[in-house]
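Asker: You'll find model13.txt just under this line, and it carries compact mmCIF, N, CA and C atoms and all ligand atoms.
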# COMPACT_ATOMS: atom_id res chain seq x y z
N MET Z 1 21.55 15.55 14.98
CA MET Z 1 20.77 15.64 13.75
C MET Z 1 20.17 14.28 13.40
N VAL Z 2 18.87 14.29 13.11
CA VAL Z 2 18.21 13.04 12.75
C VAL Z 2 18.52 12.70 11.29
N LYS Z 3 18.90 11.45 11.05
CA LYS Z 3 19.27 11.02 9.71
C LYS Z 3 18.33 9.92 9.23
N THR Z 4 18.27 9.74 7.90
CA THR Z 4 17.58 8.60 7.31
C THR Z 4 18.65 7.61 6.89
N ILE Z 5 18.57 6.38 7.45
CA ILE Z 5 19.66 5.42 7.26
C ILE Z 5 19.11 4.09 6.75
N LEU Z 6 19.62 3.63 5.59
CA LEU Z 6 19.28 2.32 5.04
C LEU Z 6 20.33 1.32 5.49
N ILE Z 7 19.89 0.23 6.12
CA ILE Z 7 20.82 -0.79 6.61
C ILE Z 7 20.58 -2.09 5.86
N THR Z 8 21.55 -2.51 5.07
CA THR Z 8 21.43 -3.79 4.36
C THR Z 8 21.69 -4.93 5.34
N GLY Z 9 21.04 -6.08 5.08
CA GLY Z 9 21.23 -7.23 5.95
C GLY Z 9 20.77 -6.95 7.37
N ALA Z 10 19.62 -6.28 7.50
CA ALA Z 10 19.16 -5.83 8.83
C ALA Z 10 18.26 -6.85 9.52
N THR Z 11 18.12 -8.06 8.96
CA THR Z 11 17.23 -9.04 9.58
C THR Z 11 17.94 -9.92 10.60
N ASP Z 12 19.24 -9.74 10.74
CA ASP Z 12 19.99 -10.61 11.65
C ASP Z 12 21.31 -9.94 12.04
N GLY Z 13 21.98 -10.55 13.01
CA GLY Z 13 23.36 -10.21 13.35
C GLY Z 13 23.63 -8.73 13.57
N ILE Z 14 24.77 -8.30 13.03
CA ILE Z 14 25.25 -6.94 13.28
C ILE Z 14 24.32 -5.90 12.65
N GLY Z 15 23.66 -6.25 11.52
CA GLY Z 15 22.74 -5.31 10.86
C GLY Z 15 21.53 -5.01 11.74
N LYS Z 16 20.94 -6.04 12.31
CA LYS Z 16 19.76 -5.84 13.17
C LYS Z 16 20.15 -5.10 14.45
N HIS Z 17 21.30 -5.45 15.00
CA HIS Z 17 21.77 -4.78 16.22
C HIS Z 17 21.95 -3.28 15.95
N LEU Z 18 22.58 -2.96 14.82
CA LEU Z 18 22.80 -1.57 14.45
C LEU Z 18 21.47 -0.84 14.24
N ALA Z 19 20.52 -1.51 13.58
CA ALA Z 19 19.21 -0.90 13.32
C ALA Z 19 18.52 -0.53 14.63
N LYS Z 20 18.56 -1.42 15.61
CA LYS Z 20 17.92 -1.15 16.91
C LYS Z 20 18.60 0.03 17.60
N LYS Z 21 19.91 0.06 17.56
CA LYS Z 21 20.67 1.13 18.20
C LYS Z 21 20.32 2.49 17.58
N LEU Z 22 20.35 2.56 16.24
CA LEU Z 22 20.10 3.83 15.55
C LEU Z 22 18.65 4.28 15.71
N ALA Z 23 17.71 3.32 15.66
CA ALA Z 23 16.29 3.66 15.83
C ALA Z 23 16.03 4.16 17.25
N SER Z 24 16.69 3.55 18.23
CA SER Z 24 16.50 3.96 19.62
C SER Z 24 17.06 5.36 19.87
N GLU Z 25 17.96 5.81 18.99
CA GLU Z 25 18.52 7.17 19.11
C GLU Z 25 17.66 8.19 18.35
N GLY Z 26 16.61 7.72 17.66
CA GLY Z 26 15.68 8.63 17.00
C GLY Z 26 15.84 8.77 15.51
N HIS Z 27 16.78 8.06 14.92
CA HIS Z 27 16.97 8.15 13.47
C HIS Z 27 15.87 7.40 12.73
N GLN Z 28 15.62 7.83 11.47
CA GLN Z 28 14.69 7.10 10.61
C GLN Z 28 15.47 5.96 9.97
N VAL Z 29 15.03 4.73 10.21
CA VAL Z 29 15.78 3.56 9.76
C VAL Z 29 14.97 2.78 8.73
N ILE Z 30 15.64 2.42 7.62
CA ILE Z 30 15.03 1.56 6.61
C ILE Z 30 15.75 0.22 6.67
N LEU Z 31 15.01 -0.83 7.02
CA LEU Z 31 15.60 -2.16 7.14
C LEU Z 31 15.55 -2.86 5.79
N HIS Z 32 16.66 -3.44 5.40
CA HIS Z 32 16.66 -4.28 4.20
C HIS Z 32 16.77 -5.75 4.60
N GLY Z 33 16.03 -6.62 3.87
CA GLY Z 33 16.14 -8.06 4.06
C GLY Z 33 15.70 -8.78 2.81
N ARG Z 34 15.97 -10.09 2.73
CA ARG Z 34 15.58 -10.86 1.54
C ARG Z 34 14.48 -11.87 1.83
N ASN Z 35 14.26 -12.13 3.14
CA ASN Z 35 13.24 -13.08 3.55
C ASN Z 35 12.06 -12.29 4.14
N PRO Z 36 10.87 -12.32 3.50
CA PRO Z 36 9.75 -11.50 3.95
C PRO Z 36 9.36 -11.74 5.41
N HIS Z 37 9.39 -13.00 5.83
CA HIS Z 37 9.00 -13.32 7.21
C HIS Z 37 10.01 -12.74 8.21
N LYS Z 38 11.31 -12.97 7.95
CA LYS Z 38 12.35 -12.43 8.85
C LYS Z 38 12.32 -10.90 8.84
N LEU Z 39 12.02 -10.32 7.68
CA LEU Z 39 11.99 -8.85 7.58
C LEU Z 39 10.85 -8.28 8.42
N GLU Z 40 9.69 -8.92 8.38
CA GLU Z 40 8.55 -8.46 9.17
C GLU Z 40 8.86 -8.57 10.68
N LEU Z 41 9.49 -9.68 11.07
CA LEU Z 41 9.84 -9.86 12.49
C LEU Z 41 10.85 -8.80 12.93
N ALA Z 42 11.84 -8.53 12.08
CA ALA Z 42 12.85 -7.51 12.41
C ALA Z 42 12.20 -6.13 12.50
N LEU Z 43 11.25 -5.86 11.60
CA LEU Z 43 10.54 -4.58 11.60
C LEU Z 43 9.82 -4.37 12.93
N GLN Z 44 9.13 -5.39 13.40
CA GLN Z 44 8.41 -5.29 14.68
C GLN Z 44 9.39 -5.09 15.83
N GLU Z 45 10.51 -5.83 15.79
CA GLU Z 45 11.51 -5.75 16.86
C GLU Z 45 12.14 -4.36 16.93
N VAL Z 46 12.47 -3.80 15.77
CA VAL Z 46 13.12 -2.49 15.75
C VAL Z 46 12.12 -1.39 16.11
N ARG Z 47 10.88 -1.52 15.61
CA ARG Z 47 9.85 -0.52 15.94
C ARG Z 47 9.62 -0.46 17.45
N ALA Z 48 9.72 -1.62 18.11
CA ALA Z 48 9.45 -1.69 19.55
C ALA Z 48 10.46 -0.87 20.36
N VAL Z 49 11.65 -0.66 19.83
CA VAL Z 49 12.67 0.09 20.57
C VAL Z 49 12.92 1.47 19.95
N SER Z 50 12.17 1.77 18.88
CA SER Z 50 12.39 3.03 18.17
C SER Z 50 11.88 4.22 18.99
N LEU Z 51 12.64 5.31 18.95
CA LEU Z 51 12.27 6.52 19.70
C LEU Z 51 11.09 7.23 19.04
N ARG Z 52 11.09 7.30 17.69
CA ARG Z 52 10.05 8.04 16.98
C ARG Z 52 9.16 7.15 16.12
N GLY Z 53 9.42 5.86 16.06
CA GLY Z 53 8.60 4.94 15.28
C GLY Z 53 8.75 5.08 13.79
N ARG Z 54 9.83 5.73 13.36
CA ARG Z 54 10.03 5.94 11.92
C ARG Z 54 10.90 4.81 11.37
N VAL Z 55 10.28 3.64 11.20
CA VAL Z 55 11.01 2.47 10.72
C VAL Z 55 10.22 1.85 9.57
N SER Z 56 10.90 1.59 8.46
CA SER Z 56 10.25 0.96 7.31
C SER Z 56 11.16 -0.15 6.79
N SER Z 57 10.71 -0.84 5.74
CA SER Z 57 11.51 -1.98 5.26
C SER Z 57 11.56 -2.02 3.74
N TYR Z 58 12.56 -2.73 3.24
CA TYR Z 58 12.76 -2.88 1.80
C TYR Z 58 13.22 -4.31 1.52
N LEU Z 59 12.47 -5.02 0.68
CA LEU Z 59 12.76 -6.43 0.39
C LEU Z 59 13.59 -6.56 -0.89
N ALA Z 60 14.74 -7.25 -0.82
CA ALA Z 60 15.55 -7.48 -2.03
C ALA Z 60 16.57 -8.57 -1.75
N ASP Z 61 16.75 -9.48 -2.73
CA ASP Z 61 17.81 -10.49 -2.65
C ASP Z 61 18.99 -9.99 -3.48
N PHE Z 62 20.09 -9.66 -2.83
CA PHE Z 62 21.23 -9.06 -3.52
C PHE Z 62 22.03 -10.06 -4.35
N SER Z 63 21.69 -11.35 -4.28
CA SER Z 63 22.37 -12.31 -5.17
C SER Z 63 21.73 -12.29 -6.56
N LYS Z 64 20.60 -11.55 -6.70
CA LYS Z 64 19.92 -11.44 -8.00
C LYS Z 64 19.81 -9.96 -8.38
N LEU Z 65 20.94 -9.34 -8.70
CA LEU Z 65 20.95 -7.91 -9.01
C LEU Z 65 20.25 -7.59 -10.32
N1 LIG Y 1 35.08 -7.11 10.55
C1 LIG Y 1 34.48 -7.56 11.64
O1 LIG Y 1 34.99 -7.52 12.75
C2 LIG Y 1 33.10 -8.14 11.49
C3 LIG Y 1 32.37 -8.46 12.63
C4 LIG Y 1 31.08 -8.96 12.47
C5 LIG Y 1 30.58 -9.17 11.18
N2 LIG Y 1 31.33 -8.88 10.10
C6 LIG Y 1 30.78 -9.08 8.74
O2 LIG Y 1 29.52 -8.40 8.67
C7 LIG Y 1 28.62 -9.15 7.85
C8 LIG Y 1 27.35 -9.51 8.66
O3 LIG Y 1 27.71 -10.41 9.71
P1 LIG Y 1 26.59 -11.01 10.66
O4 LIG Y 1 27.29 -11.82 11.68
O5 LIG Y 1 25.71 -9.90 11.13
O6 LIG Y 1 25.83 -12.00 9.64
P2 LIG Y 1 24.34 -12.61 9.70
O7 LIG Y 1 23.87 -12.68 11.11
O8 LIG Y 1 24.42 -13.85 8.88
O9 LIG Y 1 23.49 -11.50 8.92
C9 LIG Y 1 23.72 -11.27 7.55
C10 LIG Y 1 22.58 -10.44 6.97
O10 LIG Y 1 22.78 -10.35 5.55
C11 LIG Y 1 21.62 -10.81 4.87
N3 LIG Y 1 21.95 -11.45 3.60
C12 LIG Y 1 22.76 -12.52 3.38
N4 LIG Y 1 22.78 -12.82 2.07
C13 LIG Y 1 21.96 -11.93 1.42
C14 LIG Y 1 21.56 -11.73 0.05
N5 LIG Y 1 21.98 -12.52 -0.94
N6 LIG Y 1 20.71 -10.69 -0.23
C15 LIG Y 1 20.27 -9.88 0.76
N7 LIG Y 1 20.60 -10.03 2.07
C16 LIG Y 1 21.44 -11.04 2.40
C17 LIG Y 1 21.00 -11.80 5.83
O11 LIG Y 1 19.66 -12.00 5.47
P3 LIG Y 1 18.90 -13.37 5.86
O12 LIG Y 1 18.45 -13.18 7.28
O13 LIG Y 1 17.79 -13.46 4.89
O14 LIG Y 1 19.90 -14.50 5.74
C18 LIG Y 1 21.20 -11.09 7.16
O15 LIG Y 1 20.23 -10.08 7.37
C19 LIG Y 1 29.39 -10.39 7.37
O16 LIG Y 1 29.92 -10.12 6.09
C20 LIG Y 1 30.48 -10.53 8.41
O17 LIG Y 1 31.61 -11.21 7.88
C21 LIG Y 1 32.58 -8.35 10.24
Mind converting the file's structure to structure tokens?

Answerer:
Amino acid sequence: MVKTILITGATDGIGKHLAKKLASEGHQVILHGRNPHKLELALQEVRAVSLRGRVSSYLADFSKL
């Protein structure tokens, strides 16, 4: 079953790795990040391995709730 999954901290480390894995399996992935430049780079990287190309992004700094 295809799911829509929001991943916080998806611009680096374990979050980005998870985003690539889930997108490559065909899920719709929403990447969260706080740095616009890093978020755009992560978006391109995840889209490149995505099965269906359903990848979007959401910008927010969680230290300023
Ligand atoms: N239990 C375990 O075995 C295990 C193993 C691995 C990791 N972890 C935990 O998993 C978490 C991620 O680890 P990681 O190695 O992937 O870290 P990382 O490479 O530093 O990535 C952290 C992510 O969180 C984002 N982030 C940090 N502060 C933020 C804020 N104030 N608002 C929004 N986003 C913020 C970073 O964004 P920027 O790119 O903008 O900095 C980045 O995307 C850590 O808490 C780590 O301790 C646990």

Asker: Could you tell me, counting all atoms listed in the file, which protein and nucleic acid residues lie no more than 7 Å from ligand LIG 1 (chain Y), written as a list in words?

Answerer: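 Checked against 7 Å with all atoms listed in the file; the hits are Thr8, Gly9, Ala10, Thr11, Asp12, Gly13, Ile14, Gly15, Lys16, His32, Gly33, Arg34, Asn35, Lys38, Ala60, Asp61, Phe62, Ser63 and Lys64 of chain Z.
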
Asker: Env of range 25-29 of chain Z: 8 Å cut, atoms = only N, CA and C atoms, seq-sep filter 6 positions within chain, self excluded. Answer as a PyMOL selection string.

Answerer: chain Z and resi 1-7+19+49-57

Asker: Can you work out the spacing between CA of Tyr58 in chain Z and atom N of His37 in chain Z in Å, to one decimal?

Answerer: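 One can read the CA of Tyr58 in chain Z to atom N of His37 in chain Z distance as 11.4 Å.
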
Asker: To one decimal place in Å, what is the distance between CA of Val46 in chain Z and atom N of Lys20 in chain Z?

Answerer: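 Interatomic distance here is 5.5 Å.
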
Asker: From a DSSP calculation on the backbone, collect every residue of chain Z in strand (DSSP E) and output the set as a list in words.

Answerer: Thr4, Ile5, Leu6, Ile7, Gln28, Val29, Ile30, Leu31, His32, Gly33, Val55, Ser56, Ser57, Tyr58 and Leu59 of chain Z

Asker: Expressed in Å to a single decimal, how great is the separation between atom C of Leu22 in chain Z and atom C of Leu59 in chain Z?

Answerer: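 About the pair atom C of Leu22 in chain Z and atom C of Leu59 in chain Z: they are 20.5 Å apart.
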
Asker: Select from chain Z everything DSSP, run on the backbone, classes as helix (DSSP H, G or I), then give the selection as a PyMOL selection string.

Answerer: chain Z and resi 13-24+36-49
